[in-house]
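**Q** Take a look at my_file.txt, compact mmCIF, C-alpha atoms:
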```txt
# COMPACT_ATOMS: atom_id res chain seq x y z
CA MET G 28 68.65 124.41 104.65
CA SER G 29 69.75 122.09 107.46
CA SER G 30 66.22 121.04 108.36
CA VAL G 31 65.35 120.47 104.70
CA LEU G 32 68.40 118.27 104.16
CA ARG G 33 67.69 116.26 107.28
CA THR G 34 64.13 115.69 106.13
CA LEU G 35 65.36 114.48 102.75
CA ILE G 36 68.00 112.08 104.04
CA ARG G 37 66.14 110.63 107.03
CA PRO G 38 64.22 108.04 104.92
CA LEU G 39 67.60 106.80 103.64
CA ARG G 40 69.05 106.04 107.03
CA PRO G 41 71.03 103.98 107.84
CA ARG G 42 71.93 103.11 104.24
CA LEU G 43 73.88 106.36 103.93
CA VAL G 44 76.46 105.11 106.42
CA LYS G 45 76.23 101.36 105.91
CA PRO G 46 79.74 99.83 105.56
CA GLY G 47 80.74 98.88 102.04
CA LYS G 48 83.00 96.09 100.84
CA GLU G 49 84.89 94.39 103.65
CA ALA G 50 88.55 95.36 103.83
CA PRO G 51 91.33 92.79 104.31
CA PRO G 52 93.36 92.80 107.55
CA GLY G 53 95.82 95.60 108.22
CA SER G 54 96.18 99.24 107.24
CA GLN G 55 94.83 99.89 103.75
CA ARG G 56 96.65 102.00 101.18
CA LEU G 57 94.33 104.84 100.15
CA LYS G 58 93.88 106.60 96.83
CA PRO G 59 92.44 110.08 97.40
CA SER G 60 90.87 111.44 94.23
CA GLN G 61 92.60 114.38 92.59
CA LYS G 62 89.41 116.44 92.69
CA PHE G 63 89.57 116.45 96.49
CA LYS G 64 93.12 117.82 96.53
CA ARG G 65 92.78 121.10 94.64
CA GLY G 66 95.16 123.56 96.24
CA CYS G 67 96.71 120.79 98.33
CA LYS G 68 99.16 117.99 97.95
CA VAL G 69 98.76 114.76 99.87
CA LEU G 70 102.01 113.10 100.86
CA GLU G 71 101.92 109.35 101.41
CA SER G 72 104.09 107.69 104.05
CA LYS G 73 104.11 104.57 106.19
CA ARG G 74 104.92 104.22 109.87
CA GLU G 75 104.96 100.95 111.81
CA GLY G 76 102.97 99.32 109.03
CA VAL G 77 100.28 102.03 109.05
CA TRP G 78 99.70 104.23 105.99
CA GLU G 79 99.61 108.01 106.58
CA TYR G 80 98.42 110.83 104.28
CA THR G 81 99.63 114.33 105.08
CA PHE G 82 97.85 117.36 103.61
CA ARG G 83 100.02 120.31 102.65
CA HIS G 84 98.79 123.50 101.06
CA THR G 85 100.50 124.34 97.78
CA SER G 86 101.77 127.61 99.29
CA GLN G 87 103.84 125.55 101.73
CA PHE G 88 105.59 123.86 98.81
CA HIS G 89 106.29 127.28 97.30
CA GLU G 90 107.81 128.44 100.58
CA ASP G 91 109.92 125.28 100.69
CA ASP G 92 111.30 126.11 97.24
CA LEU G 93 112.36 129.52 98.54
CA ASN G 94 113.89 128.32 101.81
CA THR G 95 116.88 126.20 102.58
CA GLN G 96 116.36 122.65 103.83
CA GLU G 97 117.75 123.75 107.20
CA LYS G 98 114.99 126.34 107.60
CA ILE G 99 112.39 123.80 106.52
CA ASN G 100 113.61 121.39 109.18
CA GLN G 101 113.41 124.16 111.79
CA ARG G 102 109.79 124.97 110.95
CA LYS G 103 107.55 124.63 113.98
CA THR G 104 104.66 122.29 113.28
CA HIS G 105 101.54 121.30 115.14
CA ARG G 106 100.55 117.91 113.71
CA VAL G 107 96.95 116.74 113.71
CA TYR G 108 96.58 113.00 113.27
CA TYR G 109 93.04 112.42 112.01
CA PHE G 110 91.02 109.20 112.21
CA CYS G 111 88.08 109.16 109.80
CA GLY G 112 84.77 107.70 110.91
CA GLY G 113 83.07 104.89 109.07
CA GLY G 114 81.72 102.51 111.65
CA PHE G 115 85.27 101.18 112.24
CA GLN G 116 84.75 99.38 108.91
CA SER G 117 85.02 101.89 106.05
CA PRO G 118 87.90 103.96 104.63
CA PRO G 119 87.66 107.77 104.44
CA SER G 120 84.71 108.99 102.39
CA SER G 121 84.68 111.77 99.81
CA GLU G 122 83.26 114.03 102.53
CA HIS G 123 86.33 113.37 104.66
CA TRP G 124 88.77 114.29 101.89
CA LEU G 125 86.80 117.45 101.12
CA PHE G 126 86.53 118.41 104.79
CA LEU G 127 90.24 117.95 105.46
CA THR G 128 91.24 119.70 102.23
CA LYS G 129 89.13 122.70 103.24
CA LEU G 130 90.59 122.65 106.76
CA THR G 131 94.10 122.63 105.31
CA LYS G 132 93.39 125.55 102.97
CA ASP G 133 91.77 127.65 105.67
CA LEU G 134 94.48 126.94 108.22
CA ALA G 135 97.08 128.03 105.66
CA LYS G 136 95.44 131.45 105.34
CA GLN G 137 96.76 132.77 108.63
CA GLY G 138 98.93 135.84 108.13
CA GLN G 139 102.67 136.14 108.62
CA GLU G 140 102.27 137.67 112.09
CA ALA G 141 100.07 134.77 113.14
CA LYS G 142 102.67 132.33 111.80
CA LYS G 143 105.24 133.92 114.08
CA ARG G 144 102.97 133.38 117.10
CA HIS G 145 101.70 129.92 116.20
CA ARG G 146 103.03 126.71 114.76
CA GLU G 147 101.95 125.68 111.28
CA VAL G 148 99.15 123.12 111.45
CA GLU G 149 99.50 120.01 109.30
CA ILE G 150 96.82 117.33 109.09
CA THR G 151 97.68 113.68 108.59
CA VAL G 152 95.02 111.04 107.91
CA VAL G 153 95.79 107.73 109.59
CA SER G 154 94.57 104.69 107.66
CA HIS G 155 93.79 102.49 110.63
CA PRO G 156 93.02 98.78 110.11
CA LEU G 157 89.31 98.10 109.62
CA ALA G 158 86.85 95.69 111.22
CA PRO G 159 85.67 93.01 111.01
CA ALA G 160 88.96 91.60 109.66
CA SER G 161 90.92 93.83 112.07
CA PRO G 162 88.81 94.37 115.19
CA ALA G 163 89.91 96.31 118.26
CA ALA G 164 91.90 93.46 119.82
CA GLU G 165 94.17 93.38 116.76
CA THR G 166 94.04 97.04 115.71
CA LEU G 167 94.64 98.89 118.98
CA PRO G 168 98.06 97.28 119.65
CA ILE G 169 99.10 98.20 116.10
CA LEU G 170 97.96 101.80 116.59
CA ARG G 171 99.67 102.07 119.95
CA ARG G 172 102.98 101.09 118.35
CA TRP G 173 102.27 103.58 115.58
CA LEU G 174 101.44 106.31 118.11
CA THR G 175 104.57 105.69 120.14
CA SER G 176 106.64 106.14 116.98
CA ALA G 177 104.67 109.25 115.96
CA LEU G 178 105.10 110.87 119.39
CA ASP G 179 108.80 109.98 119.49
CA ASP G 180 109.20 111.58 116.06
CA ALA G 181 107.31 114.70 117.16
CA ASN G 182 109.45 114.89 120.27
CA ARG G 183 112.67 114.79 118.24
CA LYS G 184 111.39 117.50 115.88
CA GLY G 185 109.96 119.74 118.59
CA GLU G 186 106.42 119.30 117.23
CA THR G 187 103.17 119.22 119.16
CA VAL G 188 100.37 116.76 118.44
CA THR G 189 96.58 116.58 118.41
CA LEU G 190 94.71 113.32 117.95
CA ALA G 191 91.40 113.98 116.21
CA GLY G 192 88.57 112.10 114.59
CA ASP G 193 84.87 111.92 113.88
CA SER G 194 82.32 109.27 114.88
CA SER G 195 84.14 105.92 115.23
CA GLY G 196 87.37 107.77 114.44
CA GLY G 197 86.70 109.97 117.46
CA ASN G 198 86.47 106.81 119.55
CA ILE G 199 89.91 105.72 118.33
CA ALA G 200 91.47 109.17 118.82
CA LEU G 201 90.18 109.39 122.41
CA SER G 202 91.15 105.81 123.22
CA LEU G 203 94.70 106.38 121.95
CA GLY G 204 94.97 109.73 123.72
CA VAL G 205 93.96 108.22 127.05
CA TRP G 206 96.37 105.32 126.48
CA ALA G 207 99.23 107.72 125.73
CA VAL G 208 98.60 109.70 128.90
CA GLN G 209 98.93 106.51 130.91
CA HIS G 210 101.70 104.70 129.05
CA TYR G 211 103.77 106.93 126.75
CA THR G 212 107.21 107.98 127.97
CA PRO G 213 109.36 110.27 125.79
CA PRO G 214 112.73 108.82 124.77
CA PRO G 215 115.77 109.98 126.75
CA PRO G 216 117.86 112.77 125.20
CA THR G 217 121.07 111.87 123.38
CA THR G 218 124.39 113.65 123.22
CA THR G 219 123.53 115.07 119.80
CA THR G 220 119.89 116.03 120.26
CA THR G 221 117.88 117.95 122.80
CA ILE G 222 114.61 116.14 123.44
CA SER G 223 111.84 117.39 125.68
CA THR G 224 110.95 115.24 128.65
CA ALA G 225 107.28 116.16 128.18
CA SER G 226 104.87 114.35 125.88
CA PRO G 227 104.19 116.26 122.63
CA LEU G 228 100.50 115.30 122.89
CA VAL G 229 98.59 118.48 123.77
CA SER G 230 94.99 117.67 122.86
CA VAL G 231 92.33 115.31 121.60
CA LEU G 232 89.55 116.65 119.40
CA VAL G 233 86.45 114.54 118.75
CA ILE G 234 83.57 115.29 116.38
CA CYS G 235 80.30 113.50 117.25
CA PRO G 236 82.24 110.58 118.74
CA ALA G 237 81.18 107.11 119.83
CA VAL G 238 82.49 107.01 123.40
CA ASP G 239 80.46 104.19 125.00
CA LEU G 240 79.59 101.14 122.88
CA HIS G 241 76.95 99.96 125.35
CA ASN G 242 74.13 102.05 123.86
CA ILE G 243 72.35 102.04 127.23
CA ASN G 244 72.15 105.79 127.92
CA PRO G 245 68.47 106.68 128.56
CA GLY G 246 68.78 109.68 126.24
CA ILE G 247 69.59 107.55 123.19
CA ALA G 248 65.99 106.49 122.56
CA GLU G 249 64.86 110.12 122.30
CA ALA G 250 67.80 111.07 120.08
CA ASP G 251 66.97 108.13 117.80
CA LYS G 252 63.59 109.72 117.04
CA HIS G 253 65.33 112.74 115.50
CA ASP G 254 68.61 111.37 114.10
CA PRO G 255 68.49 111.51 110.26
CA VAL G 256 71.72 109.56 109.79
CA LEU G 257 72.31 106.87 112.42
CA THR G 258 70.05 104.39 114.22
CA VAL G 259 70.49 102.55 117.51
CA GLY G 260 70.45 99.30 115.58
CA LEU G 261 73.30 100.38 113.32
CA THR G 262 75.50 101.65 116.15
CA SER G 263 74.94 98.36 117.98
CA GLN G 264 76.03 96.41 114.90
CA VAL G 265 79.10 98.64 114.58
CA ALA G 266 80.00 97.96 118.21
CA GLN G 267 79.76 94.21 117.63
CA ALA G 268 82.08 94.43 114.61
CA TRP G 269 84.70 96.48 116.45
CA THR G 270 84.72 94.20 119.50
CA GLY G 271 85.28 91.09 117.36
CA ASN G 272 81.79 89.62 117.45
CA VAL G 273 81.28 89.70 113.66
CA SER G 274 82.93 87.07 111.48
CA SER G 275 85.22 88.10 108.64
CA LYS G 276 85.54 86.40 105.28
CA HIS G 277 89.27 87.10 105.47
CA THR G 278 89.83 85.38 108.81
CA LYS G 279 87.24 82.61 108.92
CA THR G 280 89.57 80.03 110.44
CA ALA G 281 91.38 82.37 112.82
CA PRO G 282 90.28 82.46 116.48
CA ARG G 283 88.59 85.72 117.39
CA ARG G 284 89.91 87.81 120.27
CA LEU G 285 86.89 89.51 121.74
CA VAL G 286 86.75 92.77 123.67
CA ASP G 287 83.98 93.43 126.17
CA LEU G 288 81.76 96.42 125.46
CA GLU G 289 82.57 97.67 128.97
CA ASP G 290 86.31 97.74 128.28
CA PRO G 291 87.52 101.38 128.40
CA ASP G 292 89.77 100.61 125.42
CA VAL G 293 86.64 100.58 123.22
CA SER G 294 84.36 102.65 125.47
CA PRO G 295 86.71 105.43 126.64
CA LEU G 296 83.96 107.23 128.55
CA LEU G 297 84.13 104.36 131.04
CA ASN G 298 87.70 105.07 132.09
CA GLU G 299 87.86 105.67 135.83
CA ASP G 300 88.03 109.18 137.22
CA VAL G 301 91.69 108.75 138.11
CA VAL G 302 92.50 108.31 134.41
CA PHE G 303 90.79 111.59 133.47
CA GLU G 304 92.58 113.24 136.38
CA LYS G 305 95.86 112.12 134.81
CA VAL G 306 94.73 113.65 131.51
CA LYS G 307 94.22 116.90 133.43
CA ASP G 308 97.56 116.65 135.23
CA GLN G 309 99.44 116.17 131.95
CA GLY G 310 97.75 119.25 130.49
CA VAL G 311 96.06 117.40 127.63
CA SER G 312 92.89 119.16 126.47
CA VAL G 313 89.81 117.28 125.29
CA HIS G 314 87.71 119.24 122.78
CA GLY G 315 84.44 118.11 121.27
CA VAL G 316 81.67 118.84 118.79
CA VAL G 317 78.17 117.49 119.42
CA GLY G 318 74.90 117.78 117.50
CA THR G 319 71.98 116.76 119.71
CA HIS G 320 69.98 115.03 116.94
CA ASP G 321 72.50 112.20 116.97
CA VAL G 322 72.19 108.86 118.77
CA LEU G 323 75.83 109.24 119.87
CA ALA G 324 75.17 112.65 121.46
CA PRO G 325 73.91 111.55 124.91
CA ASP G 326 77.15 109.70 125.66
CA ALA G 327 79.28 112.44 124.09
CA LEU G 328 77.62 114.93 126.42
CA GLU G 329 78.44 112.62 129.34
CA LEU G 330 82.08 112.79 128.24
CA MET G 331 81.91 116.59 128.21
CA ARG G 332 80.40 116.64 131.72
CA LYS G 333 82.96 114.17 133.02
CA CYS G 334 85.81 116.29 131.68
CA GLU G 335 84.30 119.41 133.23
CA ARG G 336 83.75 117.67 136.58
CA LEU G 337 87.31 116.38 136.75
CA GLY G 338 88.96 119.59 135.54
CA VAL G 339 90.08 118.41 132.10
CA LYS G 340 90.59 121.47 129.91
CA GLY G 341 88.82 121.75 126.60
CA LYS G 342 86.30 123.57 124.45
CA TRP G 343 82.97 122.11 123.40
CA LEU G 344 80.53 123.09 120.67
CA VAL G 345 77.08 121.69 121.43
CA TRP G 346 74.54 122.52 118.74
CA GLU G 347 70.91 121.80 119.53
CA GLY G 348 69.08 120.04 116.70
CA GLN G 349 72.17 119.32 114.60
CA MET G 350 72.79 115.94 112.98
CA HIS G 351 75.69 113.51 113.25
CA CYS G 352 79.04 114.92 112.02
CA PHE G 353 77.46 118.15 110.78
CA PRO G 354 80.84 119.95 110.35
CA LEU G 355 81.56 117.54 107.48
CA ALA G 356 78.39 118.81 105.79
CA GLY G 357 79.93 122.28 105.53
CA VAL G 358 81.71 121.45 102.28
CA GLY G 359 80.53 120.39 98.87
CA GLY G 360 79.17 123.42 97.07
CA ILE G 361 75.39 123.58 96.85
CA ILE G 362 74.68 121.25 99.76
CA GLY G 363 77.31 122.81 102.02
CA LEU G 364 75.36 123.66 105.16
CA ARG G 365 75.79 127.01 106.89
CA GLU G 366 75.79 125.23 110.24
CA GLY G 367 78.37 122.79 108.92
CA LYS G 368 80.62 125.62 107.78
CA GLU G 369 80.36 127.26 111.19
CA GLY G 370 81.19 123.94 112.83
CA ARG G 371 84.24 123.53 110.61
CA ARG G 372 85.41 127.09 111.38
CA TRP G 373 85.07 126.30 115.09
CA VAL G 374 87.33 123.28 114.60
CA GLU G 375 89.84 125.48 112.75
CA GLU G 376 89.96 127.99 115.59
CA VAL G 377 90.48 125.28 118.20
CA LEU G 378 93.35 123.80 116.20
CA ARG G 379 94.92 127.25 115.77
CA GLU G 380 94.73 127.85 119.51
CA ASP G 381 96.29 124.47 120.28
CA ALA G 382 99.10 125.32 117.87
```
Before we go any further, please render this structure as structure tokens.
**A**
Amino acid sequence: MSSVLRTLIRPLRPRLVKPGKEAPPGSQRLKPSQKFKRGCKVLESKREGVWEYTFRHTSQFHEDDLNTQEKINQRKTHRVYYFCGGGFQSPPSSEHWLFLTKLTKDLAKQGQEAKKRHREVEITVVSHPLAPASPAAETLPILRRWLTSALDDANRKGETVTLAGDSSGGNIALSLGVWAVQHYTPPPPTTTTTISTASPLVSVLVICPAVDLHNINPGIAEADKHDPVLTVGLTSQVAQAWTGNVSSKHTKTAPRRLVDLEDPDVSPLLNEDVVFEKVKDQGVSVHGVVGTHDVLAPDALELMRKCERLGVKGKWLVWEGQMHCFPLAGVGGIIGLREGKEGRRWVEEVLREDA
């Protein structure tokens, strides 16, 4: 089924992933369709000017009805902040909402004994500002303030945190994770609360991520021959938009702050070894999913090797011949791919273990 689907969609590339209508500056308020939330509720919130959407299985609401508010507040939670791919320019797609709804439902199925051993996993979509109106130079400072608040909140509540994302969202998750390892300091404890002195960030999970915006890896040309979704040309255009080299109709008169493609803030693979060693020393795991028929795969594999070489913990699923973001193709009824479903289950197991 996977090979048939790839054959069918390859002539459509890259139109399948071409950015749509340009978004205005700042975090966009999202409107997930009801059909993507069956069995789940999506709670909307806003932190540091950034919209968040937290998935909760309906069974959790039933449990809340049966428990006191005190018990609810004491519930141990592992929070997954998810950044959806879209070339840094598009909001979450229907595939994202379906994928995350399915993840939420499956993660809620763990038995009572498992719940005693593990924290409950909750997934929160982060509506990050979109290029070209909000390129990296404007967006990353906003997200760093957001992340500092999110980690402080997790620290106060005794939660643990994973930053996750696919494609361009994987780039943002990894960039923020590396930044947090270098710059985040938990708030000091107060007389009324006991706060851990350790960062609540325990892992970063990336699905088919863009980790080096150069597009100069020798393996990319070969991957481009087989990739049914992305092209080298498209990923190069995406890189230009994210680094501020594409004009925006919303900010025509504003000066553009450019970011070099070699800057580790936008190409996190290029962080020096000492940075990855700090990731290791702080005990933050870096997990990844890679399909080799993906123009982003050669650099993602370099990230995996760098983590292994420098002792950064993490689990990696490398699937020969799979397309870009194949775990997201494991939902959607008839076209749900077996390989995609297996990829999604792998992600579930990694999140359970981190919890």
**Q** Using only C-alpha atoms, which protein or nucleic acid residues come within 10 Å of Gly204 (chain G)? Drop anything in the same chain fewer than 5 positions from it, and give the result as a PyMOL selection string.
**A** chain G and resi 171+174+189-191+198-199+209-211+228-232+295+306+311+313
**Q** Which distance in Å separates CA of Leu323 (chain G) and CA of Ala160 (chain G), to one decimal?
**A**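 Spanning CA of Leu323 (chain G) to CA of Ala160 (chain G) is a straight-line distance of 24.2 Å.
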**Q** What is the CA of Asp326 (chain G) to CA of Glu79 (chain G) distance in Å?
**A** 29.5 Å
**Q** Using CA of Leu170 (chain G) and CA of Ala135 (chain G) as the two end points, give the distance in Å to one decimal.
**A**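 Distance between the two atoms: 28.4 Å.
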**Q** Can you work out which one of G:Leu125, G:Glu149, G:Gln116, G:Gly47 has the shortest atom-to-atom distance to Trp269 (chain G), counting all atoms listed in the file?
**A**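 Of all the options, G:Gln116 lies closest to Trp269 (chain G).
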**Q** Show me, as a tab-separated table, the residues of region 163-240 of chain G having an atom within 10 Å of region 258-266 of chain G, each with the closest atom pair and its distance in Å, using only C-alpha atoms.
**A**
```
residue	atom	partner	partner_atom	distance
G:Ser195	CA	G:Val265	CA	8.9
G:Ala237	CA	G:Thr262	CA	8.7
G:Asp239	CA	G:Ala266	CA	9.2
G:Leu240	CA	G:Ala266	CA	5.7
```
**Q** Include C-alpha atoms and write out the residues we just selected as a CSV table (one decimal), in the coordinates of the input.
**A**
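File produced: result-v1.csv:
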```
chain,number,residue,atom,x,y,z
G,195,SER,CA,84.1,105.9,115.2
G,237,ALA,CA,81.2,107.1,119.8
G,239,ASP,CA,80.5,104.2,125.0
G,240,LEU,CA,79.6,101.1,122.9
```
**Q** Please return, as a ChimeraX atom specification, all polymer residues that have at least one atom within 10 Å of the point (89.0, 92.7, 125.7); use all atoms listed in the file and the file's own coordinate frame.
**A** /G:163-164,270-271,284-293
**Q** For Leu70 (chain G), list every protein, DNA or RNA residue within 10 Å, evaluated using all atoms listed in the file, and leave out those in the same chain fewer than 6 positions away; present the list as a VMD selection string.
**A** chain G and resid 79 to 83 151
**Q** Quick one: everything within 8 Å of Gly112 (chain G), counting only C-alpha atoms, minus sequence neighbours fewer than 3 positions away in the same chain. Send it as a list of chain:residue names.
**A**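 Close residues of Gly112 (chain G): G:Phe115, G:Ser117, G:Pro118, G:Pro119, G:Gly192, G:Asp193, G:Ser194, G:Ser195, G:Gly196, G:Gly197.
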**Q** Take the residues that were just selected and, keeping C-alpha atoms, output them as a short mmCIF file (atom, residue, chain, number, x, y, z; two decimals), keeping the file's coordinate frame.
**A**
```cif
data_model
loop_
_atom_site.label_atom_id
_atom_site.label_comp_id
_atom_site.auth_asym_id
_atom_site.auth_seq_id
_atom_site.Cartn_x
_atom_site.Cartn_y
_atom_site.Cartn_z
CA PHE G 115 85.27 101.18 112.24
CA SER G 117 85.02 101.89 106.05
CA PRO G 118 87.90 103.96 104.63
CA PRO G 119 87.66 107.77 104.44
CA GLY G 192 88.57 112.10 114.59
CA ASP G 193 84.87 111.92 113.88
CA SER G 194 82.32 109.27 114.88
CA SER G 195 84.14 105.92 115.23
CA GLY G 196 87.37 107.77 114.44
CA GLY G 197 86.70 109.97 117.46
#
```
**Q** Considering all atoms listed in the file, can you say which of G:Ser72, G:Leu203, G:Leu297, G:Asp254 comes closest to Glu347 (chain G)?
**A** G:Asp254
**Q** Would you mind completing region 70-79 of chain G to all heavy atoms and writing the output as a compact mmCIF listing (two decimals), in the frame of the given file?
**A**
```txt
# COMPACT_ATOMS: atom_id res chain seq x y z
N LEU G 70 100.77 113.86 100.83
CA LEU G 70 102.01 113.10 100.86
C LEU G 70 101.78 111.77 101.55
O LEU G 70 101.30 111.72 102.69
CB LEU G 70 103.10 113.89 101.59
CG LEU G 70 103.34 115.33 101.11
CD1 LEU G 70 104.45 115.97 101.91
CD2 LEU G 70 103.68 115.34 99.63
N GLU G 71 102.13 110.69 100.87
CA GLU G 71 101.92 109.35 101.41
C GLU G 71 103.18 108.88 102.14
O GLU G 71 104.30 109.07 101.67
CB GLU G 71 101.58 108.39 100.28
CG GLU G 71 101.31 106.96 100.73
CD GLU G 71 101.04 106.04 99.55
OE1 GLU G 71 102.01 105.70 98.83
OE2 GLU G 71 99.88 105.65 99.35
N SER G 72 102.98 108.26 103.30
CA SER G 72 104.09 107.69 104.05
C SER G 72 103.58 106.47 104.81
O SER G 72 102.37 106.20 104.83
CB SER G 72 104.69 108.72 105.01
OG SER G 72 103.70 109.21 105.90
N LYS G 73 104.49 105.76 105.43
CA LYS G 73 104.11 104.57 106.19
C LYS G 73 104.95 104.51 107.46
O LYS G 73 106.16 104.69 107.43
CB LYS G 73 104.32 103.31 105.34
CG LYS G 73 103.54 102.10 105.81
CD LYS G 73 103.69 100.95 104.82
CE LYS G 73 102.75 99.79 105.16
NZ LYS G 73 102.90 98.66 104.20
N ARG G 74 104.25 104.27 108.57
CA ARG G 74 104.92 104.22 109.87
C ARG G 74 104.42 102.98 110.63
O ARG G 74 103.22 102.82 110.82
CB ARG G 74 104.61 105.49 110.68
CG ARG G 74 105.27 105.54 112.04
CD ARG G 74 104.64 106.62 112.90
NE ARG G 74 104.68 107.93 112.28
CZ ARG G 74 105.71 108.78 112.34
NH1 ARG G 74 106.79 108.41 113.01
NH2 ARG G 74 105.66 109.95 111.75
N GLU G 75 105.33 102.15 111.05
CA GLU G 75 104.96 100.95 111.81
C GLU G 75 103.86 100.15 111.12
O GLU G 75 102.94 99.63 111.75
CB GLU G 75 104.51 101.34 113.23
CG GLU G 75 105.60 101.97 114.08
CD GLU G 75 106.71 100.99 114.43
OE1 GLU G 75 106.42 99.78 114.58
OE2 GLU G 75 107.87 101.44 114.54
N GLY G 76 103.94 100.09 109.79
CA GLY G 76 102.97 99.32 109.03
C GLY G 76 101.65 100.01 108.78
O GLY G 76 100.72 99.41 108.22
N VAL G 77 101.53 101.28 109.18
CA VAL G 77 100.28 102.03 109.05
C VAL G 77 100.48 103.14 108.02
O VAL G 77 101.40 103.97 108.16
CB VAL G 77 99.84 102.62 110.41
CG1 VAL G 77 98.58 103.47 110.25
CG2 VAL G 77 99.60 101.50 111.43
N TRP G 78 99.62 103.19 107.03
CA TRP G 78 99.70 104.23 105.99
C TRP G 78 99.22 105.58 106.55
O TRP G 78 98.24 105.65 107.28
CB TRP G 78 98.86 103.85 104.78
CG TRP G 78 99.44 102.72 103.99
CD1 TRP G 78 99.05 101.42 104.02
CD2 TRP G 78 100.52 102.79 103.05
NE1 TRP G 78 99.82 100.65 103.17
CE2 TRP G 78 100.73 101.47 102.55
CE3 TRP G 78 101.32 103.83 102.58
CZ2 TRP G 78 101.71 101.18 101.61
CZ3 TRP G 78 102.30 103.53 101.64
CH2 TRP G 78 102.49 102.22 101.17
N GLU G 79 99.95 106.64 106.16
CA GLU G 79 99.61 108.01 106.58
C GLU G 79 99.51 108.89 105.34
O GLU G 79 100.23 108.68 104.36
CB GLU G 79 100.70 108.59 107.48
CG GLU G 79 101.02 107.80 108.72
CD GLU G 79 102.24 108.35 109.44
OE1 GLU G 79 103.11 108.98 108.77
OE2 GLU G 79 102.32 108.17 110.65
```
